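Participant: Here you go, protein22.cif (mmCIF, N, CA, C and O atoms):
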```cif
data_coords
loop_
_atom_site.label_atom_id
_atom_site.label_comp_id
_atom_site.auth_asym_id
_atom_site.auth_seq_id
_atom_site.Cartn_x
_atom_site.Cartn_y
_atom_site.Cartn_z
N MET A 1 78.99 106.27 110.39
CA MET A 1 80.27 106.92 110.34
C MET A 1 80.53 107.34 108.90
O MET A 1 80.32 106.57 107.98
N GLU A 2 80.98 108.55 108.72
CA GLU A 2 81.27 109.08 107.39
C GLU A 2 82.57 108.48 106.86
O GLU A 2 83.44 108.05 107.61
N ASN A 3 82.71 108.47 105.55
CA ASN A 3 83.85 107.86 104.89
C ASN A 3 85.17 108.50 105.31
O ASN A 3 86.19 107.84 105.43
N HIS A 4 85.16 109.79 105.53
CA HIS A 4 86.40 110.49 105.87
C HIS A 4 86.77 110.38 107.35
O HIS A 4 87.85 110.77 107.75
N GLU A 5 85.87 109.83 108.16
CA GLU A 5 86.14 109.73 109.60
C GLU A 5 87.03 108.54 109.91
O GLU A 5 86.90 107.47 109.34
N ASP A 6 87.91 108.73 110.85
CA ASP A 6 88.78 107.68 111.32
C ASP A 6 88.06 106.91 112.42
O ASP A 6 87.56 107.52 113.38
N PRO A 7 87.97 105.58 112.32
CA PRO A 7 87.26 104.81 113.35
C PRO A 7 87.82 105.03 114.75
O PRO A 7 87.07 105.09 115.72
N ASP A 8 89.13 105.17 114.86
CA ASP A 8 89.73 105.38 116.18
C ASP A 8 89.29 106.70 116.81
O ASP A 8 89.03 106.77 118.01
N GLN A 9 89.17 107.75 116.01
CA GLN A 9 88.70 109.03 116.54
C GLN A 9 87.23 108.93 116.95
O GLN A 9 86.84 109.48 117.97
N TRP A 10 86.43 108.23 116.15
CA TRP A 10 85.02 108.05 116.50
C TRP A 10 84.89 107.29 117.81
O TRP A 10 84.07 107.63 118.66
N LEU A 11 85.73 106.27 117.97
CA LEU A 11 85.68 105.46 119.19
C LEU A 11 86.01 106.26 120.44
O LEU A 11 85.42 106.05 121.50
N GLN A 12 86.94 107.19 120.33
CA GLN A 12 87.34 107.98 121.49
C GLN A 12 86.21 108.88 121.99
O GLN A 12 86.21 109.30 123.14
N GLN A 13 85.22 109.16 121.13
CA GLN A 13 84.09 110.01 121.52
C GLN A 13 82.98 109.22 122.20
O GLN A 13 82.09 109.80 122.80
N ARG A 14 83.03 107.89 122.11
CA ARG A 14 81.99 107.05 122.74
C ARG A 14 82.04 107.17 124.25
O ARG A 14 83.11 107.18 124.85
N LYS A 15 80.86 107.17 124.86
CA LYS A 15 80.78 107.23 126.32
C LYS A 15 80.33 105.90 126.92
O LYS A 15 80.60 105.63 128.07
N LEU A 16 79.65 105.07 126.13
CA LEU A 16 79.12 103.81 126.64
C LEU A 16 80.12 102.68 126.47
O LEU A 16 80.96 102.70 125.59
N GLU A 17 79.99 101.67 127.33
CA GLU A 17 80.85 100.50 127.25
C GLU A 17 80.18 99.33 126.54
O GLU A 17 80.82 98.35 126.22
N THR A 18 78.87 99.41 126.29
CA THR A 18 78.14 98.29 125.71
C THR A 18 78.48 98.10 124.23
O THR A 18 78.84 99.05 123.55
N PRO A 19 78.34 96.86 123.74
CA PRO A 19 78.65 96.57 122.34
C PRO A 19 77.70 97.29 121.38
O PRO A 19 76.53 97.49 121.68
N VAL A 20 78.24 97.64 120.21
CA VAL A 20 77.47 98.30 119.17
C VAL A 20 78.08 97.95 117.81
O VAL A 20 79.28 97.66 117.74
N LEU A 21 77.25 97.92 116.78
CA LEU A 21 77.76 97.74 115.41
C LEU A 21 77.97 99.10 114.79
O LEU A 21 77.09 99.95 114.83
N LEU A 22 79.11 99.30 114.19
CA LEU A 22 79.45 100.54 113.53
C LEU A 22 79.70 100.23 112.06
O LEU A 22 80.55 99.40 111.73
N MET A 23 78.95 100.88 111.18
CA MET A 23 79.11 100.65 109.75
C MET A 23 79.86 101.83 109.13
O MET A 23 79.43 102.97 109.23
N ALA A 24 80.97 101.52 108.51
CA ALA A 24 81.77 102.54 107.83
C ALA A 24 81.47 102.50 106.35
O ALA A 24 81.06 101.47 105.81
N GLU A 25 81.67 103.61 105.68
CA GLU A 25 81.44 103.67 104.24
C GLU A 25 82.55 102.98 103.46
O GLU A 25 82.52 102.94 102.25
N THR A 26 83.50 102.42 104.14
CA THR A 26 84.62 101.74 103.49
C THR A 26 84.35 100.24 103.35
O THR A 26 85.28 99.45 103.31
N ASN A 27 83.06 99.85 103.29
CA ASN A 27 82.66 98.45 103.17
C ASN A 27 83.12 97.60 104.34
O ASN A 27 83.48 96.43 104.18
N THR A 28 83.12 98.19 105.51
CA THR A 28 83.54 97.50 106.71
C THR A 28 82.53 97.74 107.82
O THR A 28 82.02 98.84 107.98
N LEU A 29 82.27 96.69 108.60
CA LEU A 29 81.45 96.78 109.80
C LEU A 29 82.34 96.48 110.99
O LEU A 29 83.16 95.56 110.94
N TYR A 30 82.18 97.24 112.05
CA TYR A 30 82.96 97.02 113.25
C TYR A 30 82.02 96.67 114.39
O TYR A 30 81.02 97.34 114.62
N LEU A 31 82.37 95.62 115.13
CA LEU A 31 81.69 95.33 116.38
C LEU A 31 82.55 95.97 117.46
O LEU A 31 83.70 95.59 117.66
N VAL A 32 81.99 97.01 118.08
CA VAL A 32 82.74 97.85 119.00
C VAL A 32 82.26 97.58 120.43
O VAL A 32 81.07 97.50 120.68
N VAL A 33 83.21 97.44 121.34
CA VAL A 33 82.90 97.31 122.76
C VAL A 33 83.70 98.39 123.47
O VAL A 33 84.92 98.41 123.43
N GLY A 34 82.97 99.30 124.10
CA GLY A 34 83.62 100.43 124.75
C GLY A 34 84.29 101.29 123.69
O GLY A 34 83.65 101.77 122.77
N LYS A 35 85.58 101.47 123.82
CA LYS A 35 86.33 102.27 122.85
C LYS A 35 87.29 101.42 122.03
O LYS A 35 88.24 101.92 121.45
N LYS A 36 87.01 100.11 121.98
CA LYS A 36 87.87 99.18 121.25
C LYS A 36 87.08 98.45 120.17
O LYS A 36 85.92 98.13 120.35
N ILE A 37 87.73 98.21 119.04
CA ILE A 37 87.14 97.38 118.00
C ILE A 37 87.34 95.93 118.41
O ILE A 37 88.46 95.45 118.55
N PHE A 38 86.22 95.26 118.63
CA PHE A 38 86.22 93.88 119.11
C PHE A 38 86.35 92.90 117.94
O PHE A 38 87.00 91.88 118.05
N CYS A 39 85.71 93.23 116.81
CA CYS A 39 85.70 92.35 115.65
C CYS A 39 85.42 93.19 114.41
O CYS A 39 84.72 94.19 114.48
N THR A 40 85.94 92.77 113.27
CA THR A 40 85.74 93.47 112.01
C THR A 40 85.09 92.53 111.00
O THR A 40 85.47 91.37 110.90
N PHE A 41 84.10 93.06 110.26
CA PHE A 41 83.39 92.30 109.24
C PHE A 41 83.40 93.09 107.93
O PHE A 41 83.36 94.31 107.95
N LYS A 42 83.39 92.39 106.82
CA LYS A 42 83.18 93.02 105.52
C LYS A 42 81.68 93.21 105.32
O LYS A 42 80.87 92.57 105.98
N ASN A 43 81.28 94.11 104.41
CA ASN A 43 79.85 94.39 104.19
C ASN A 43 79.08 93.15 103.74
O ASN A 43 77.88 93.08 103.96
N ASN A 44 79.73 92.18 103.10
CA ASN A 44 79.01 90.97 102.71
C ASN A 44 78.81 90.01 103.88
O ASN A 44 78.22 88.96 103.72
N GLU A 45 79.28 90.37 105.05
CA GLU A 45 79.13 89.55 106.26
C GLU A 45 78.14 90.18 107.24
O GLU A 45 78.27 90.03 108.45
N ILE A 46 77.12 90.85 106.71
CA ILE A 46 76.14 91.51 107.58
C ILE A 46 75.42 90.51 108.48
O ILE A 46 75.29 90.78 109.68
N PRO A 47 74.96 89.35 107.99
CA PRO A 47 74.31 88.41 108.91
C PRO A 47 75.21 87.98 110.07
O PRO A 47 74.77 87.90 111.22
N GLU A 48 76.48 87.74 109.79
CA GLU A 48 77.41 87.36 110.84
C GLU A 48 77.59 88.48 111.86
O GLU A 48 77.68 88.23 113.07
N SER A 49 77.64 89.72 111.37
CA SER A 49 77.83 90.85 112.29
C SER A 49 76.59 91.04 113.17
O SER A 49 76.71 91.36 114.35
N VAL A 50 75.40 90.84 112.60
CA VAL A 50 74.17 90.98 113.38
C VAL A 50 74.10 89.90 114.45
O VAL A 50 73.69 90.17 115.58
N ILE A 51 74.52 88.69 114.13
CA ILE A 51 74.55 87.62 115.13
C ILE A 51 75.63 87.89 116.15
O ILE A 51 75.50 87.56 117.33
N GLY A 52 76.71 88.52 115.73
CA GLY A 52 77.79 88.85 116.66
C GLY A 52 77.41 89.85 117.73
O GLY A 52 77.97 89.83 118.82
N LEU A 53 76.44 90.71 117.44
CA LEU A 53 76.05 91.73 118.42
C LEU A 53 75.45 91.11 119.69
O LEU A 53 76.00 91.31 120.78
N PRO A 54 74.37 90.31 119.61
CA PRO A 54 73.87 89.71 120.86
C PRO A 54 74.87 88.71 121.44
O PRO A 54 74.92 88.53 122.66
N SER A 55 75.68 88.08 120.59
CA SER A 55 76.69 87.15 121.10
C SER A 55 77.71 87.86 121.98
O SER A 55 78.15 87.32 122.99
N SER A 56 78.07 89.07 121.58
CA SER A 56 79.05 89.82 122.38
C SER A 56 78.47 90.21 123.74
O SER A 56 79.18 90.21 124.74
N TYR A 57 77.18 90.54 123.78
CA TYR A 57 76.54 90.82 125.07
C TYR A 57 76.62 89.60 125.98
O TYR A 57 76.91 89.70 127.16
N TYR A 58 76.35 88.42 125.39
CA TYR A 58 76.38 87.18 126.17
C TYR A 58 77.80 86.86 126.62
O TYR A 58 78.04 86.58 127.79
N ALA A 59 78.75 86.90 125.68
CA ALA A 59 80.13 86.52 126.00
C ALA A 59 80.77 87.44 127.02
O ALA A 59 81.57 87.01 127.85
N LEU A 60 80.41 88.72 126.97
CA LEU A 60 81.02 89.70 127.88
C LEU A 60 80.17 89.98 129.11
O LEU A 60 80.50 90.84 129.91
N ASP A 61 79.05 89.25 129.23
CA ASP A 61 78.15 89.34 130.39
C ASP A 61 77.60 90.75 130.60
O ASP A 61 77.57 91.27 131.71
N PHE A 62 77.16 91.38 129.52
CA PHE A 62 76.48 92.67 129.58
C PHE A 62 74.97 92.44 129.56
O PHE A 62 74.49 91.50 128.92
N ASP A 63 74.22 93.28 130.25
CA ASP A 63 72.77 93.27 130.12
C ASP A 63 72.39 94.09 128.89
O ASP A 63 73.05 95.07 128.57
N TYR A 64 71.30 93.68 128.22
CA TYR A 64 70.83 94.45 127.09
C TYR A 64 70.35 95.81 127.57
O TYR A 64 69.64 95.89 128.57
N PRO A 65 70.68 96.89 126.86
CA PRO A 65 70.12 98.20 127.22
C PRO A 65 68.61 98.17 127.00
O PRO A 65 68.11 97.50 126.10
N GLN A 66 67.88 98.89 127.83
CA GLN A 66 66.42 98.89 127.75
C GLN A 66 65.93 99.27 126.35
O GLN A 66 64.97 98.70 125.85
N SER A 67 66.61 100.19 125.70
CA SER A 67 66.17 100.65 124.38
C SER A 67 66.34 99.58 123.30
O SER A 67 65.70 99.64 122.26
N LEU A 68 67.19 98.58 123.51
CA LEU A 68 67.44 97.53 122.53
C LEU A 68 66.99 96.15 123.00
O LEU A 68 67.18 95.16 122.29
N LYS A 69 66.43 96.08 124.18
CA LYS A 69 66.13 94.78 124.79
C LYS A 69 65.19 93.94 123.93
O LYS A 69 65.43 92.75 123.71
N LEU A 70 64.13 94.53 123.41
CA LEU A 70 63.18 93.78 122.60
C LEU A 70 63.82 93.26 121.33
O LEU A 70 63.73 92.07 120.99
N CYS A 71 64.51 94.13 120.62
CA CYS A 71 65.15 93.76 119.35
C CYS A 71 66.19 92.66 119.57
O CYS A 71 66.20 91.66 118.85
N LEU A 72 67.06 92.82 120.54
CA LEU A 72 68.10 91.83 120.78
C LEU A 72 67.52 90.52 121.31
O LEU A 72 68.04 89.44 121.01
N SER A 73 66.44 90.59 122.07
CA SER A 73 65.78 89.36 122.55
C SER A 73 65.15 88.59 121.40
O SER A 73 65.19 87.36 121.38
N VAL A 74 64.57 89.30 120.43
CA VAL A 74 64.01 88.63 119.25
C VAL A 74 65.12 87.97 118.45
O VAL A 74 64.99 86.82 118.01
N LEU A 75 66.23 88.66 118.25
CA LEU A 75 67.37 88.06 117.56
C LEU A 75 67.87 86.82 118.30
O LEU A 75 68.16 85.79 117.70
N GLN A 76 67.95 86.93 119.61
CA GLN A 76 68.40 85.82 120.44
C GLN A 76 67.46 84.62 120.29
O GLN A 76 67.89 83.48 120.18
N PHE A 77 66.15 84.89 120.24
CA PHE A 77 65.15 83.84 120.11
C PHE A 77 65.29 83.11 118.77
O PHE A 77 65.33 81.88 118.71
N PHE A 78 65.38 83.86 117.68
CA PHE A 78 65.41 83.25 116.36
C PHE A 78 66.79 82.71 115.96
O PHE A 78 66.90 81.66 115.33
N CYS A 79 67.85 83.39 116.32
CA CYS A 79 69.19 82.96 115.91
C CYS A 79 69.73 81.82 116.77
O CYS A 79 70.41 80.94 116.27
N PHE A 80 69.45 81.88 118.06
CA PHE A 80 70.03 80.91 118.98
C PHE A 80 68.99 79.95 119.57
O PHE A 80 69.33 79.12 120.39
N GLU A 81 67.73 80.12 119.16
CA GLU A 81 66.62 79.31 119.66
C GLU A 81 66.56 79.32 121.18
O GLU A 81 66.26 78.32 121.82
N TYR A 82 66.86 80.46 121.76
CA TYR A 82 66.81 80.64 123.21
C TYR A 82 65.39 81.02 123.57
O TYR A 82 64.91 82.09 123.22
N LYS A 83 64.68 80.13 124.26
CA LYS A 83 63.25 80.29 124.48
C LYS A 83 62.90 81.15 125.70
O LYS A 83 61.80 81.66 125.81
N ALA A 84 63.80 81.30 126.63
CA ALA A 84 63.51 82.10 127.83
C ALA A 84 63.52 83.58 127.46
O ALA A 84 64.44 84.05 126.78
N THR A 85 62.51 84.29 127.87
CA THR A 85 62.45 85.72 127.59
C THR A 85 62.54 86.49 128.91
O THR A 85 62.08 86.02 129.94
N PRO A 86 63.12 87.67 128.88
CA PRO A 86 63.18 88.48 130.09
C PRO A 86 61.79 88.79 130.62
O PRO A 86 60.86 89.01 129.85
N SER A 87 61.64 88.80 131.91
CA SER A 87 60.32 89.03 132.51
C SER A 87 59.83 90.45 132.32
O SER A 87 58.64 90.70 132.40
N ASP A 88 60.71 91.39 132.07
CA ASP A 88 60.30 92.78 131.94
C ASP A 88 59.97 93.18 130.50
O ASP A 88 59.80 94.34 130.20
N LEU A 89 59.87 92.22 129.58
CA LEU A 89 59.45 92.54 128.20
C LEU A 89 57.96 92.53 128.08
O LEU A 89 57.25 91.81 128.63
#
```
Can I see the file as structure tokens?
Facilitator:
Amino acid sequence: MENHEDPDQWLQQRKLETPVLLMAETNTLYLVVGKKIFCTFKNNEIPESVIGLPSSYYALDFDYPQSLKLCLSVLQFFCFEYKATPSDL
């Protein structure tokens, strides 16, 4: 997201409901679910925001999108020591 863009306007253009991390040039990271900001992080909280992404999928009972399944499963394995892997990986 560009520095001059308003996060709320960017959110209204989203079509997906799945969680995503949005990095603004204003030293802020947003964990976005659908068209709502679910959580806000400062740029020095990048590890927390990265852990928050797979956590939000779990807490909100979303399936990982196929394009991110491997990456999020690896994060899940190392961050949460969750040993079960999806059969389709």
Participant: Take the PyMOL selection byres (((chain A and resi 32-45 and name CA) around 6) and name CA), apply it to the structure above, and return the hits as a PyMOL selection string.
Facilitator: chain A and resi 11-12+16-20+27-31+46-48
Participant: How far is it from atom C of Tyr82 in chain A to CA of Leu22 in chain A, in Å with one decimal?
Facilitator: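 CA of Leu22 in chain A lies at a distance of 26.1 Å from atom C of Tyr82 in chain A.
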Participant: What's the separation between atom O of Lys69 in chain A and atom C of Ala84 in chain A, in Å to one decimal place?
Facilitator: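 Taking atom O of Lys69 in chain A and atom C of Ala84 in chain A, their separation equals 10.1 Å.
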Participant: Identify which of the residues A:Gln13, A:Ser67, A:Gln76, A:Thr26 lies closest to Val50 in chain A, counting all atoms listed in the file when measuring atom-to-atom distances.
Facilitator: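 Nearest to Val50 in chain A: A:Gln76.
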Participant: I need the helix (DSSP H, G or I) residues of range 18-70 of chain A per DSSP on the backbone, written as a list in words.
Facilitator: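 Written out, the helix (DSSP H, G or I) residues of range 18-70 of chain A are Asn43, Asn44, Glu45, Ile46, Pro47, Glu48, Ser49, Val50, Ile51, Gly52, Leu53, Pro54, Ser55, Ser56, Tyr57, Tyr58, Ala59, Lys69 and Leu70 of chain A.
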Participant: Based on DSSP run over this structure's backbone, return all residues of chain A in strand (DSSP E), as a compact mmCIF listing (two decimals) with N, CA, C and O atoms, in the frame of the given file.
Facilitator:
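Writing done, so here's selection-v1.txt:
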```
# COMPACT_ATOMS: atom_id res chain seq x y z
N PRO A 19 78.34 96.86 123.74
CA PRO A 19 78.65 96.57 122.34
C PRO A 19 77.70 97.29 121.38
O PRO A 19 76.53 97.49 121.68
N VAL A 20 78.24 97.64 120.21
CA VAL A 20 77.47 98.30 119.17
C VAL A 20 78.08 97.95 117.81
O VAL A 20 79.28 97.66 117.74
N LEU A 21 77.25 97.92 116.78
CA LEU A 21 77.76 97.74 115.41
C LEU A 21 77.97 99.10 114.79
O LEU A 21 77.09 99.95 114.83
N LEU A 22 79.11 99.30 114.19
CA LEU A 22 79.45 100.54 113.53
C LEU A 22 79.70 100.23 112.06
O LEU A 22 80.55 99.40 111.73
N MET A 23 78.95 100.88 111.18
CA MET A 23 79.11 100.65 109.75
C MET A 23 79.86 101.83 109.13
O MET A 23 79.43 102.97 109.23
N ALA A 24 80.97 101.52 108.51
CA ALA A 24 81.77 102.54 107.83
C ALA A 24 81.47 102.50 106.35
O ALA A 24 81.06 101.47 105.81
N THR A 28 83.12 98.19 105.51
CA THR A 28 83.54 97.50 106.71
C THR A 28 82.53 97.74 107.82
O THR A 28 82.02 98.84 107.98
N LEU A 29 82.27 96.69 108.60
CA LEU A 29 81.45 96.78 109.80
C LEU A 29 82.34 96.48 110.99
O LEU A 29 83.16 95.56 110.94
N TYR A 30 82.18 97.24 112.05
CA TYR A 30 82.96 97.02 113.25
C TYR A 30 82.02 96.67 114.39
O TYR A 30 81.02 97.34 114.62
N LEU A 31 82.37 95.62 115.13
CA LEU A 31 81.69 95.33 116.38
C LEU A 31 82.55 95.97 117.46
O LEU A 31 83.70 95.59 117.66
N VAL A 32 81.99 97.01 118.08
CA VAL A 32 82.74 97.85 119.00
C VAL A 32 82.26 97.58 120.43
O VAL A 32 81.07 97.50 120.68
N VAL A 33 83.21 97.44 121.34
CA VAL A 33 82.90 97.31 122.76
C VAL A 33 83.70 98.39 123.47
O VAL A 33 84.92 98.41 123.43
N LYS A 36 87.01 100.11 121.98
CA LYS A 36 87.87 99.18 121.25
C LYS A 36 87.08 98.45 120.17
O LYS A 36 85.92 98.13 120.35
N ILE A 37 87.73 98.21 119.04
CA ILE A 37 87.14 97.38 118.00
C ILE A 37 87.34 95.93 118.41
O ILE A 37 88.46 95.45 118.55
N PHE A 38 86.22 95.26 118.63
CA PHE A 38 86.22 93.88 119.11
C PHE A 38 86.35 92.90 117.94
O PHE A 38 87.00 91.88 118.05
N CYS A 39 85.71 93.23 116.81
CA CYS A 39 85.70 92.35 115.65
C CYS A 39 85.42 93.19 114.41
O CYS A 39 84.72 94.19 114.48
N THR A 40 85.94 92.77 113.27
CA THR A 40 85.74 93.47 112.01
C THR A 40 85.09 92.53 111.00
O THR A 40 85.47 91.37 110.90
N PHE A 41 84.10 93.06 110.26
CA PHE A 41 83.39 92.30 109.24
C PHE A 41 83.40 93.09 107.93
O PHE A 41 83.36 94.31 107.95
N LYS A 42 83.39 92.39 106.82
CA LYS A 42 83.18 93.02 105.52
C LYS A 42 81.68 93.21 105.32
O LYS A 42 80.87 92.57 105.98
```
Participant: CA of Pro54 in chain A to atom N of Cys79 in chain A: how many Å, to one decimal?
Facilitator: 9.8 Å
